[in-house]
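Reproduced below: target-v2.pdb, with PDB, C-alpha atoms.
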MODEL        1
ATOM      1  CA  ASP H   8     105.174 100.804 104.281
ATOM      2  CA  ALA H   9     106.915  99.107 101.338
ATOM      3  CA  VAL H  10     110.358  99.806 102.774
ATOM      4  CA  ALA H  11     109.320  98.516 106.203
ATOM      5  CA  HIS H  12     107.927  95.359 104.633
ATOM      6  CA  TYR H  13     110.985  94.407 102.598
ATOM      7  CA  ALA H  14     113.745  95.806 104.831
ATOM      8  CA  GLU H  15     112.335  94.929 108.240
ATOM      9  CA  ALA H  16     109.418  92.487 108.100
ATOM     10  CA  CYS H  17     111.379  90.324 105.643
ATOM     11  CA  GLY H  18     114.830  91.791 106.182
ATOM     12  CA  MET H  19     118.043  89.842 106.522
ATOM     13  CA  GLU H  20     116.185  86.732 107.657
ATOM     14  CA  TYR H  21     114.868  86.388 104.106
ATOM     15  CA  ASN H  22     118.138  87.380 102.403
ATOM     16  CA  VAL H  23     117.173  91.004 101.719
ATOM     17  CA  LYS H  24     120.607  92.596 102.115
ATOM     18  CA  GLN H  25     119.872  96.058 100.711
ATOM     19  CA  VAL H  26     116.821  98.139  99.824
ATOM     20  CA  PHE H  27     117.172 100.999  97.341
ATOM     21  CA  VAL H  28     114.396 103.568  97.034
ATOM     22  CA  VAL H  29     114.384 105.426  93.719
ATOM     23  CA  TRP H  30     113.126 108.908  94.646
ATOM     24  CA  SER H  31     111.881 110.748  91.567
ATOM     25  CA  GLU H  32     109.710 113.476  93.137
ATOM     26  CA  LEU H  33     111.708 116.432  91.921
ATOM     27  CA  GLY H  34     111.789 119.368  94.293
ATOM     28  CA  VAL H  35     110.522 117.260  97.205
ATOM     29  CA  ASP H  36     112.925 116.033  99.867
ATOM     30  CA  PRO H  37     112.639 112.332 100.688
ATOM     31  CA  PRO H  38     111.907 111.280 104.264
ATOM     32  CA  SER H  39     114.707 110.231 106.556
ATOM     33  CA  ILE H  40     115.506 106.516 106.621
ATOM     34  CA  ASN H  41     114.037 106.125 110.112
ATOM     35  CA  GLU H  42     110.678 107.460 108.942
ATOM     36  CA  PHE H  43     110.216 104.389 106.759
ATOM     37  CA  PHE H  44     110.079 102.107 109.785
ATOM     38  CA  VAL H  45     107.163 101.686 112.164
ATOM     39  CA  ARG H  46     107.809  99.709 115.321
ATOM     40  CA  ASP H  47     104.444  98.035 115.341
ATOM     41  CA  ALA H  48     103.995  94.269 115.502
ATOM     42  CA  SER H  49     101.074  94.573 113.068
ATOM     43  CA  THR H  50     103.547  95.383 110.268
ATOM     44  CA  PHE H  51     105.193  91.966 110.548
ATOM     45  CA  PRO H  52     104.079  88.562 109.278
ATOM     46  CA  ALA H  53     101.592  86.980 111.657
ATOM     47  CA  THR H  54     102.966  84.717 114.383
ATOM     48  CA  ASP H  55     100.814  81.864 115.603
ATOM     49  CA  GLN H  56     100.868  80.364 119.084
ATOM     50  CA  THR H  57     103.729  78.049 118.222
ATOM     51  CA  GLY H  58     105.877  80.946 117.077
ATOM     52  CA  VAL H  59     105.801  80.138 113.345
ATOM     53  CA  ARG H  60     106.112  83.266 111.185
ATOM     54  CA  GLY H  61     105.780  83.042 107.430
ATOM     55  CA  GLY H  62     106.286  79.286 107.540
ATOM     56  CA  ARG H  63     109.534  79.425 109.542
ATOM     57  CA  PRO H  64     109.958  78.605 113.220
ATOM     58  CA  ALA H  65     110.738  81.656 115.324
ATOM     59  CA  LEU H  66     110.770  82.748 118.919
ATOM     60  CA  ASN H  67     107.569  84.366 120.142
ATOM     61  CA  ASN H  68     107.564  88.165 119.937
ATOM     62  CA  ASP H  69     110.896  88.269 118.124
ATOM     63  CA  ALA H  70     109.565  90.150 115.064
ATOM     64  CA  ILE H  71     110.856  93.491 116.305
ATOM     65  CA  ASN H  72     114.356  92.012 116.678
ATOM     66  CA  ILE H  73     114.804  90.959 113.049
ATOM     67  CA  PRO H  74     117.941  92.631 111.600
ATOM     68  CA  LYS H  75     116.892  95.312 109.127
ATOM     69  CA  SER H  76     118.305  95.520 105.650
ATOM     70  CA  GLU H  77     120.485  98.444 104.642
ATOM     71  CA  VAL H  78     118.311 101.182 103.105
ATOM     72  CA  THR H  79     119.550 103.766 100.591
ATOM     73  CA  ILE H  80     117.581 106.520  98.870
ATOM     74  CA  ILE H  81     118.592 107.229  95.280
ATOM     75  CA  ARG H  82     117.591 110.729  94.166
ATOM     76  CA  VAL H  83     117.325 110.924  90.394
ATOM     77  CA  GLU H  84     117.591 114.037  88.251
ATOM     78  CA  LYS H  85     114.671 113.223  85.977
ATOM     79  CA  ASP H  86     111.162 111.973  86.639
ATOM     80  CA  SER H  87     111.323 109.010  84.298
ATOM     81  CA  LEU H  88     110.267 105.373  84.437
ATOM     82  CA  ASN H  89     113.687 104.613  82.963
ATOM     83  CA  SER H  90     115.196 105.688  86.292
ATOM     84  CA  ARG H  91     114.277 102.371  87.867
ATOM     85  CA  PHE H  92     116.805 100.693  85.571
ATOM     86  CA  LEU H  93     119.759 102.991  86.248
ATOM     87  CA  PRO H  94     122.883 101.150  87.475
ATOM     88  CA  ILE H  95     123.020 101.176  91.276
ATOM     89  CA  LYS H  96     126.128 102.513  92.970
ATOM     90  CA  GLY H  97     127.035 100.497  96.044
ATOM     91  CA  LEU H  98     125.086  97.401  95.039
ATOM     92  CA  LYS H  99     126.557  94.351  96.794
ATOM     93  CA  THR H 100     124.708  91.554  94.999
ATOM     94  CA  ASP H 101     124.125  90.277  91.474
ATOM     95  CA  ALA H 102     120.451  89.645  92.168
ATOM     96  CA  ILE H 103     118.021  92.561  92.128
ATOM     97  CA  PHE H 104     114.398  92.309  93.141
ATOM     98  CA  MET H 105     112.641  95.024  91.178
ATOM     99  CA  VAL H 106     109.278  95.935  92.719
ATOM    100  CA  ASP H 107     106.701  98.723  92.509
ATOM    101  CA  ASP H 108     106.048 100.641  95.710
ATOM    102  CA  ASP H 109     102.440  99.433  95.828
ATOM    103  CA  VAL H 110     103.276  95.726  95.580
ATOM    104  CA  ARG H 111     103.934  93.542  98.623
ATOM    105  CA  VAL H 112     105.321  90.067  98.053
ATOM    106  CA  ASP H 113     104.959  87.783 101.052
ATOM    107  CA  CYS H 114     108.344  87.077 102.671
ATOM    108  CA  MET H 115     108.249  83.334 102.015
ATOM    109  CA  SER H 116     107.166  83.956  98.419
ATOM    110  CA  LEU H 117     110.072  86.388  98.104
ATOM    111  CA  SER H 118     112.461  83.724  99.377
ATOM    112  CA  ASN H 119     111.063  81.193  96.893
ATOM    113  CA  GLY H 120     111.567  83.694  94.079
ATOM    114  CA  PHE H 121     115.186  84.232  95.073
ATOM    115  CA  ASP H 122     115.790  80.470  95.110
ATOM    116  CA  ALA H 123     114.300  80.293  91.611
ATOM    117  CA  TRP H 124     116.504  83.139  90.359
ATOM    118  CA  ARG H 125     119.645  81.489  91.736
ATOM    119  CA  SER H 126     118.834  78.473  89.593
ATOM    120  CA  TYR H 127     118.246  80.657  86.495
ATOM    121  CA  PRO H 128     120.333  83.832  87.048
ATOM    122  CA  ASN H 129     120.071  85.059  83.460
ATOM    123  CA  ALA H 130     116.279  84.850  83.405
ATOM    124  CA  MET H 131     113.616  87.313  84.474
ATOM    125  CA  VAL H 132     111.957  85.563  87.411
ATOM    126  CA  GLY H 133     108.773  86.878  88.926
ATOM    127  CA  TYR H 134     105.130  86.804  89.892
ATOM    128  CA  TYR H 135     103.302  88.395  86.945
ATOM    129  CA  PRO H 136     103.571  86.383  83.692
ATOM    130  CA  ARG H 137     102.359  87.973  80.474
ATOM    131  CA  LEU H 138     102.023  86.927  76.847
ATOM    132  CA  ALA H 139     102.828  88.959  73.734
ATOM    133  CA  SER H 140     101.376  87.288  70.657
ATOM    134  CA  PRO H 141     100.228  88.114  67.133
ATOM    135  CA  PRO H 142      96.514  88.807  66.649
ATOM    136  CA  LEU H 143      94.342  85.760  66.164
ATOM    137  CA  PHE H 144      93.959  84.552  62.562
ATOM    138  CA  THR H 145      97.210  86.095  61.334
ATOM    139  CA  GLY H 146     100.449  84.510  60.301
ATOM    140  CA  ASN H 147     102.758  87.039  61.936
ATOM    141  CA  SER H 148     105.237  85.580  64.392
ATOM    142  CA  ALA H 149     106.017  87.258  67.717
ATOM    143  CA  ASP H 150     109.717  87.455  66.916
ATOM    144  CA  SER H 151     109.481  88.958  63.458
ATOM    145  CA  GLY H 152     109.723  92.497  64.781
ATOM    146  CA  LEU H 153     107.333  93.586  62.021
ATOM    147  CA  GLY H 154     103.808  92.438  62.789
ATOM    148  CA  LYS H 155     101.252  93.685  65.279
ATOM    149  CA  LEU H 156     101.589  92.254  68.787
ATOM    150  CA  ILE H 157      98.822  91.912  71.370
ATOM    151  CA  TYR H 158      99.415  92.175  75.110
ATOM    152  CA  HIS H 159      97.715  89.475  77.194
ATOM    153  CA  THR H 160      97.328  89.143  80.956
ATOM    154  CA  TRP H 161      96.756  86.184  83.280
ATOM    155  CA  PRO H 162      93.428  84.810  81.913
ATOM    156  CA  ILE H 163      94.935  84.278  78.447
ATOM    157  CA  VAL H 164      98.250  83.091  79.897
ATOM    158  CA  TYR H 165      96.327  80.468  81.848
ATOM    159  CA  LEU H 166      93.937  79.457  79.058
ATOM    160  CA  ARG H 167      96.666  79.120  76.436
ATOM    161  CA  GLY H 168      99.120  77.673  78.923
ATOM    162  CA  ARG H 169     102.051  79.803  77.839
ATOM    163  CA  PHE H 170     103.787  83.143  78.407
ATOM    164  CA  ASN H 171     106.903  84.992  77.238
ATOM    165  CA  MET H 172     107.301  87.955  79.615
ATOM    166  CA  ILE H 173     107.568  88.692  83.339
ATOM    167  CA  LEU H 174     106.549  92.140  84.569
ATOM    168  CA  THR H 175     109.182  94.090  86.481
ATOM    169  CA  LYS H 176     106.539  95.263  88.952
ATOM    170  CA  ALA H 177     107.718  92.232  90.985
ATOM    171  CA  CYS H 178     110.682  90.555  89.345
ATOM    172  CA  PHE H 179     114.177  89.203  90.036
ATOM    173  CA  LEU H 180     116.812  90.004  87.431
ATOM    174  CA  HIS H 181     120.582  90.194  87.158
ATOM    175  CA  SER H 182     122.212  93.550  87.859
ATOM    176  CA  LYS H 183     124.046  93.396  84.518
ATOM    177  CA  TYR H 184     120.769  94.204  82.761
ATOM    178  CA  LEU H 185     120.721  97.646  84.371
ATOM    179  CA  ASP H 186     124.006  98.454  82.652
ATOM    180  CA  LEU H 187     122.674  97.122  79.360
ATOM    181  CA  TYR H 188     119.403  99.051  79.583
ATOM    182  CA  SER H 189     121.019 102.373  80.484
ATOM    183  CA  GLY H 190     124.155 101.981  78.360
ATOM    184  CA  ASP H 191     125.052 103.237  74.896
ATOM    185  CA  VAL H 192     124.449  99.856  73.255
ATOM    186  CA  HIS H 193     120.742 100.052  74.071
ATOM    187  CA  PRO H 194     119.014 102.378  71.566
ATOM    188  CA  GLN H 195     118.235 105.760  73.102
ATOM    189  CA  GLU H 196     115.070 105.779  71.011
ATOM    190  CA  ILE H 197     113.683 103.072  73.292
ATOM    191  CA  ARG H 198     114.200 105.140  76.434
ATOM    192  CA  ASP H 199     112.781 108.215  74.687
ATOM    193  CA  TYR H 200     109.663 106.222  73.795
ATOM    194  CA  VAL H 201     109.192 105.227  77.431
ATOM    195  CA  ASP H 202     109.517 108.866  78.510
ATOM    196  CA  ARG H 203     107.002 110.078  75.933
ATOM    197  CA  HIS H 204     104.397 107.488  76.803
ATOM    198  CA  LYS H 205     105.192 107.179  80.526
ATOM    199  CA  ASN H 206     104.705 103.458  80.191
ATOM    200  CA  CYS H 207     106.236 100.205  78.973
ATOM    201  CA  GLU H 208     109.713 100.311  80.516
ATOM    202  CA  ASP H 209     109.058  96.727  81.627
ATOM    203  CA  VAL H 210     108.245  95.719  78.050
ATOM    204  CA  ALA H 211     111.528  97.256  76.918
ATOM    205  CA  MET H 212     113.439  95.361  79.608
ATOM    206  CA  SER H 213     111.807  92.064  78.622
ATOM    207  CA  LEU H 214     112.749  92.615  74.982
ATOM    208  CA  LEU H 215     116.292  93.570  75.979
ATOM    209  CA  VAL H 216     116.819  90.466  78.141
ATOM    210  CA  ALA H 217     115.368  88.187  75.488
ATOM    211  CA  ASN H 218     117.665  89.738  72.896
ATOM    212  CA  ALA H 219     120.778  89.710  75.072
ATOM    213  CA  THR H 220     120.620  86.189  76.476
ATOM    214  CA  MET H 221     117.694  84.286  74.924
ATOM    215  CA  SER H 222     116.881  83.275  78.518
ATOM    216  CA  GLU H 223     113.360  82.008  79.076
ATOM    217  CA  PRO H 224     111.311  83.765  81.774
ATOM    218  CA  LEU H 225     110.249  81.879  84.900
ATOM    219  CA  TYR H 226     106.975  82.242  86.797
ATOM    220  CA  VAL H 227     106.932  81.959  90.584
ATOM    221  CA  GLU H 228     103.519  81.445  92.095
ATOM    222  CA  GLY H 229     103.344  83.342  95.358
ATOM    223  CA  SER H 230     101.256  85.473  97.656
ATOM    224  CA  VAL H 231     101.270  89.059  96.393
ATOM    225  CA  THR H 232      99.236  92.086  97.448
ATOM    226  CA  ASP H 233      98.898  94.942  94.961
ATOM    227  CA  THR H 234      97.481  98.076  96.559
ATOM    228  CA  GLY H 235      97.646  99.963  93.255
ATOM    229  CA  LEU H 236      95.214  97.724  91.400
ATOM    230  CA  PHE H 237      92.366 100.210  91.566
ATOM    231  CA  GLY H 238      94.199 103.458  90.997
ATOM    232  CA  GLY H 239      97.438 102.906  89.126
ATOM    233  CA  ILE H 240      98.544 103.276  85.520
ATOM    234  CA  SER H 241      97.535  99.702  84.709
ATOM    235  CA  THR H 242      93.897 100.390  85.609
ATOM    236  CA  GLY H 243      93.420 103.394  83.362
ATOM    237  CA  THR H 244      91.192 103.446  80.307
ATOM    238  CA  GLY H 245      92.894 101.994  77.266
ATOM    239  CA  HIS H 246      95.705 100.364  79.215
ATOM    240  CA  MET H 247      95.579  97.095  77.266
ATOM    241  CA  LEU H 248      95.559  98.915  73.929
ATOM    242  CA  THR H 249      98.495 101.067  75.061
ATOM    243  CA  ARG H 250     100.469  97.988  76.074
ATOM    244  CA  SER H 251      99.816  96.309  72.739
ATOM    245  CA  ASP H 252     100.935  99.445  70.919
ATOM    246  CA  CYS H 253     104.094  99.522  73.046
ATOM    247  CA  LEU H 254     104.947  95.950  72.190
ATOM    248  CA  THR H 255     104.463  96.587  68.490
ATOM    249  CA  ASP H 256     106.278  99.930  68.413
ATOM    250  CA  LEU H 257     109.253  98.849  70.538
ATOM    251  CA  SER H 258     109.664  95.614  68.600
ATOM    252  CA  ARG H 259     109.871  97.601  65.383
ATOM    253  CA  VAL H 260     112.440  99.983  66.887
ATOM    254  CA  TYR H 261     114.601  97.080  67.982
ATOM    255  CA  ALA H 262     114.302  95.484  64.550
ATOM    256  CA  ARG H 263     115.315  98.748  62.889
ATOM    257  CA  TYR H 264     118.521  98.766  64.959
ATOM    258  CA  GLY H 265     119.284  95.185  64.011
ATOM    259  CA  TRP H 266     118.188  93.661  67.323
ATOM    260  CA  ARG H 267     116.264  90.443  67.387
ATOM    261  CA  VAL H 268     112.947  90.352  69.220
ATOM    262  CA  PRO H 269     112.908  86.740  70.426
ATOM    263  CA  LEU H 270     110.024  86.688  72.882
ATOM    264  CA  ALA H 271     109.805  82.921  72.653
ATOM    265  CA  ASP H 272     106.707  81.373  74.184
ATOM    266  CA  VAL H 273     107.324  78.994  77.077
ATOM    267  CA  GLN H 274     104.899  76.520  78.611
ATOM    268  CA  LEU H 275     103.325  77.761  81.826
ATOM    269  CA  LEU H 276     103.583  74.335  83.451
ATOM    270  CA  GLU H 277     107.212  73.799  82.477
ATOM    271  CA  ARG H 278     108.357  77.295  83.500
ATOM    272  CA  SER H 279     106.536  77.491  86.830
ATOM    273  CA  TRP H 280     108.818  77.215  89.848
ATOM    274  CA  LEU H 281     106.236  75.860  92.278
ATOM    275  CA  ARG H 282     104.195  72.759  91.507
ATOM    276  CA  HIS H 283     101.045  71.386  93.109
ATOM    277  CA  TYR H 284     100.720  67.620  93.394
ATOM    278  CA  PRO H 285     100.096  65.799  91.123
ATOM    279  CA  GLY H 286     101.277  68.556  88.770
ATOM    280  CA  PHE H 287      98.445  69.357  86.356
ATOM    281  CA  ARG H 288      98.443  72.719  84.575
ATOM    282  CA  TRP H 289      95.003  73.620  85.845
ATOM    283  CA  GLN H 290      96.399  73.598  89.388
ATOM    284  CA  ILE H 291      98.597  76.637  88.691
ATOM    285  CA  ARG H 292      97.296  79.781  90.341
ATOM    286  CA  PRO H 293      98.019  83.500  89.886
ATOM    287  CA  SER H 294      99.988  85.264  92.610
ATOM    288  CA  ASN H 295      97.089  87.667  93.131
ATOM    289  CA  VAL H 296      93.454  86.580  92.783
ATOM    290  CA  PHE H 297      92.559  89.870  91.051
ATOM    291  CA  GLU H 298      94.676  88.734  88.105
ATOM    292  CA  TRP H 299      91.587  86.799  86.984
ATOM    293  CA  LEU H 300      89.674  90.057  86.437
ATOM    294  CA  SER H 301      91.886  91.350  83.645
ATOM    295  CA  PHE H 302      89.907  90.374  80.550
ATOM    296  CA  GLY H 303      91.175  92.889  77.986
ATOM    297  CA  ASN H 304      92.237  91.607  74.559
ATOM    298  CA  VAL H 305      90.656  88.180  75.220
ATOM    299  CA  LEU H 306      89.356  87.957  71.632
ATOM    300  CA  SER H 307      92.368  89.640  70.004
TER     301      SER H 307
ENDMDL
END
Once you've parsed the file, please lay out its structure as structure tokens.
Amino acid sequence: DAVAHYAEACGMEYNVKQVFVVWSELGVDPPSINEFFVRDASTFPATDQTGVRGGRPALNNDAINIPKSEVTIIRVEKDSLNSRFLPIKGLKTDAIFMVDDDVRVDCMSLSNGFDAWRSYPNAMVGYYPRLASPPLFTGNSADSGLGKLIYHTWPIVYLRGRFNMILTKACFLHSKYLDLYSGDVHPQEIRDYVDRHKNCEDVAMSLLVANATMSEPLYVEGSVTDTGLFGGISTGTGHMLTRSDCLTDLSRVYARYGWRVPLADVQLLERSWLRHYPGFRWQIRPSNVFEWLSFGNVLS
């Protein structure tokens, strides 16, 4: 379903040139490429009577004729969250849209995100902004690499009006960061930590990008469906505590290796790609309405 959405429903019309599926189910053969596609009009963006699909004019009933993107299955040797950041052989673009298999970004929202990334190619550009900050009532700074850090989701991002991370569950980033993440310069201890905890590879990538380029993240408000909200890793007991521990632990590892940890806060209004007239901060919306329900660490 995810492959059909991005490679066919969006496809070349929305600048999706290639789709790579990282297959990490060891001992299980992946399906054939054709099995990913379902020739059913219900899998495509709705077309109204005037033939407008996803906000673009189109001929009636032409959804099944959209050129598909090239699809490649990458079989990895290890079941690891780090595998999503392995350099991609045969990649033809600098831009990579990193997305979880249970997340569907609307085609027009995807196009808007790509436009945003082209304006800020060194930044992490995406639909899920997050904030790493010291606990309330402490003097520790988020870039000290020494103090405790707390992981905050959309409600705190919105209330405080700032963020410093974009989750890679739906994020544009430059392909050069895959080489940096998987290369010898990046401490192996970071990747080992991710493997042990089976979590926080996105935190590690955010810290790496911030250290490598000092580029500020960019939020793109869009229309995003997350089918894993009620059964994925992020919904498990203690998820928010685990994420805070990851931020603290990984920051200290980076500091020990002489890396900076410059997760600099940016203003939500200033680093939001889409604006609503007349441009007040309270008009900014999350890309998924269920983002409002994540209340962990509100008082931390």
Subject >> Atom pair atom CA of H:Ser118 / atom CA of H:Tyr135: separation (Å) >> reply: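 Interatomic distance, atom CA of H:Ser118 to atom CA of H:Tyr135: 16.1 Å.
Distances from H:Phe104, H:Trp289, H:Tyr188, H:Trp266 to H:Gly168 were compared using only C-alpha atoms, and the smallest one belongs to H:Trp289.
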Subject >> Residues near stretch 138-144 of chain H, cut-off 6 Å, all atoms listed in the file, skip fewer than 6 positions along chain, as a count of residues only >> reply: 8
Subject >> Residue nearest H:Asn129 - candidates H:Pro293, H:Pro285, H:Pro224, H:Gly265, atoms counted: only C-alpha atoms >> reply: H:Pro224
Please report, as JSON lines, each residue of stretch 78-150 of chain H lying at most 8 Å from stretch 206-217 of chain H, together with the nearest pair of atoms and the separation in Å rounded to one decimal; use all atoms listed in the file, and order rows by chain and ascending residue number.
{"residue": "H:Leu88", "atom": "CA", "partner": "H:Glu208", "partner_atom": "CA", "distance": 6.4}
{"residue": "H:Asn89", "atom": "CA", "partner": "H:Glu208", "partner_atom": "CA", "distance": 6.3}
{"residue": "H:Ala130", "atom": "CA", "partner": "H:Val216", "partner_atom": "CA", "distance": 7.7}
{"residue": "H:Met131", "atom": "CA", "partner": "H:Ser213", "partner_atom": "CA", "distance": 7.8}
**OP:** Would you mind reading off the distance between atom CA of H:Ser182 and atom CA of H:Val23, one decimal, in Å?
**Re:**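 Separation between atom CA of H:Ser182 and atom CA of H:Val23: 15.0 Å.
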